[in-house]
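For reference, the structure discussed in these notes is given below.
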Amino acid sequence: MSQEQPIRYGDVFLGVQGELAEEAVASGDAALMQSAENIATGKTLKGGPAAVMQSAAARNERTGHVGHGQVSGFVSEQGVGVVETNVPGRHTVTETIGDQTVGGYEMPTPLASGCPAEVLGSGKLTIGEALEAAALSEGEKLVDRSDAAAIQAAEMRATGLNETLPGGVGAQAQSAASINARVPPASSERTTLGEVLSDASMKLPADKPVTREDAERVARAEMRNNPAMTTHPTGVAASVEAAARLNENADV
């Protein structure tokens with residue numbers, strides 16, 4: 001490990017205190033915050049906490065202080081949150097890690113109504129919305145076997161059916177993964193996550209709020225079909241995990 005000191009939360013967010021301030025920023029933390037931003041606002045906020053965390057985590061990973069995809073103890077226990085509030089003429093976004101605020105914004109008008117999730121607090125985030133957030137986080141990623149397996153698992157959890165629906169989002173993902181694996185890298189036939197998941201909520205015949213069990217099932221499916229036996233830091237499983245955490249936090 002490098003002798004260089006890791007970048008801690010207290011180094012990048014001056015308002016945080018206690019245990020969080022001393023925690024090294026990890027790539028899994030950044031992935032969860034990015035997914036939370038995408039789910040709640042429909043985009044990764046430029047210069048927002050997720051972007052800051054990604055930069056710090058990349059440095060910590062290069063210097064060997066955190067592992068790829070690692071989630072810090074504090075974030076694992078306390079979770080992240082993104083809350084939107086609308087009042088006449090003003091729209092605010094507040095981002096938190098545990099009970100500590102790491103970012104706050106004011107905007108003159110609400111974000112586009114076409115975002116993949118309604119304002120946090122007006123309802124639980126659904127599996128379809130979590131899949132759409134993955135399209136925002138990793139829209140240019142070519143669909144592979146692990147992505148397809150995760151999407152199929154998510155579809156099954158949403159519909160309650162133990163099968164991949166013909167013509168459904170899971171079947172589309174499986175077809176895309178098969179084609180991507182056999183066509184040349186520069187082929188126009190290759191399909192991205194964004195192309196498969198951009199309208200996931202509309203493609204699912206049924207949907208449901210994301211639970212911890214849903215997230216665990218999706219993560220297991222993604223890991224089993226990845227040669228490295230890991231999940232992608234900002235992929236399908238990470239997005240479903242972030243939605244589950246946000247739903248849990250909304251119950252507190």
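Each chain in the structure tokens gets a letter, A, B and so on, in the order shown; residues start at 1 in every chain, and ligands are counted from 1 in the order they appear.
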
Problem set entry | Spatial neighbours of Ala148 (chain A), 7 Å, only C-alpha atoms, chain gap at least 5 places, as a PyMOL selection string | chain A and resi 143+170+173-174+177

For this session: Pick out the closest residue to Val93 (chain A) from this set: A:Thr41, A:Asn225, A:Thr164, A:Thr231. Count only C-alpha atoms.
Result: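 Of A:Thr41, A:Asn225, A:Thr164, A:Thr231, the one nearest Val93 (chain A) is A:Thr41, counting only C-alpha atoms.
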
Problem set entry | Backbone DSSP call of alpha helix (DSSP H) for region 143-248 of chain A, listed as JSON, numbers by chain | {"A": [145, 146, 147, 148, 149, 150, 151, 152, 153, 154, 155, 156, 157, 158, 159, 169, 170, 171, 172, 173, 174, 175, 176, 177, 178, 179, 180, 181, 182, 193, 194, 195, 196, 197, 200, 201, 202, 203, 212, 213, 214, 215, 216, 217, 218, 219, 220, 221, 222, 223, 224, 236, 237, 238, 239, 240, 241, 242, 243, 244, 245, 246, 247, 248]}

For this session: Compare A:Gly81, A:Gly48, A:Gly67, A:Gly128 by their minimum atom-to-atom distance to Pro209 (chain A), counting only C-alpha atoms, and give me the closest one.
Result: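 Checking each of A:Gly81, A:Gly48, A:Gly67, A:Gly128 against Pro209 (chain A), counting only C-alpha atoms, the winner is A:Gly128.
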
For this session: May I have all residues of region 14-150 of chain A that DSSP, computed from the backbone, assigns to strand (DSSP E), given as a PyMOL selection string?
Result: chain A and resi 80-87+90-97+100-107

Problem set entry | 8 Å contact set for Ala242 (chain A), only C-alpha atoms, chain neighbours under 5 positions out, as a ChimeraX atom specification | /A:32-33,35-36,80

Problem set entry | Spatial neighbours of Val210 (chain A), max dist 7 Å, only C-alpha atoms, sep filter under 2 positions, as a PyMOL selection string | chain A and resi 125-127+208+212+214+243-244

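Here the question is which of A:Arg245, A:Leu131, A:Arg145, A:Gly235 gets nearest to Lys203 (chain A) using only C-alpha atoms, and that residue is A:Leu131.
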
Problem set entry | Near-Gly160 (chain A) list (12 Å; only C-alpha atoms; drop same-chain fewer than 6 positions) as a list in words |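 Final neighbour list, sorted by chain and number: Ile127, Gln152, Ala153, Ala154, Leu204, Pro205, Ala206, Asp207, Lys208 and Asp214 of chain A.
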
Exercise. Between A:Glu213, A:Glu22, A:Asp99, A:Asp147, which one has atoms that come closest to Gly79 (chain A), using only C-alpha atoms?
Worked result: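 Result for the nearest residue to Gly79 (chain A): A:Asp99.
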
For this session: Could you tell me how far CA of Ile97 (chain A) lies from CA of Met229 (chain A), in Å and to one decimal?
Result: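 The value is 27.5 Å.
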
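When CA of Ala31 (chain A) is paired with CA of Ser76 (chain A), their separation reads 12.3 Å.
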
Seminar exercise, completed: re CA of Val25 (chain A) and CA of Thr94 (chain A): distance 19.3 Å

For this session: Between A:Ser55, A:Gln172, A:Ser201, A:Thr211, single out the one closest to Arg157 (chain A), counting only C-alpha atoms.
Result: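 Selected residue with least distance to Arg157 (chain A): A:Thr211.
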
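Minimum atom-to-atom distance to Tyr9 (chain A), evaluated using only C-alpha atoms, belongs to A:Ala56 out of A:Leu165, A:Ala56, A:Val196, A:Gly28.
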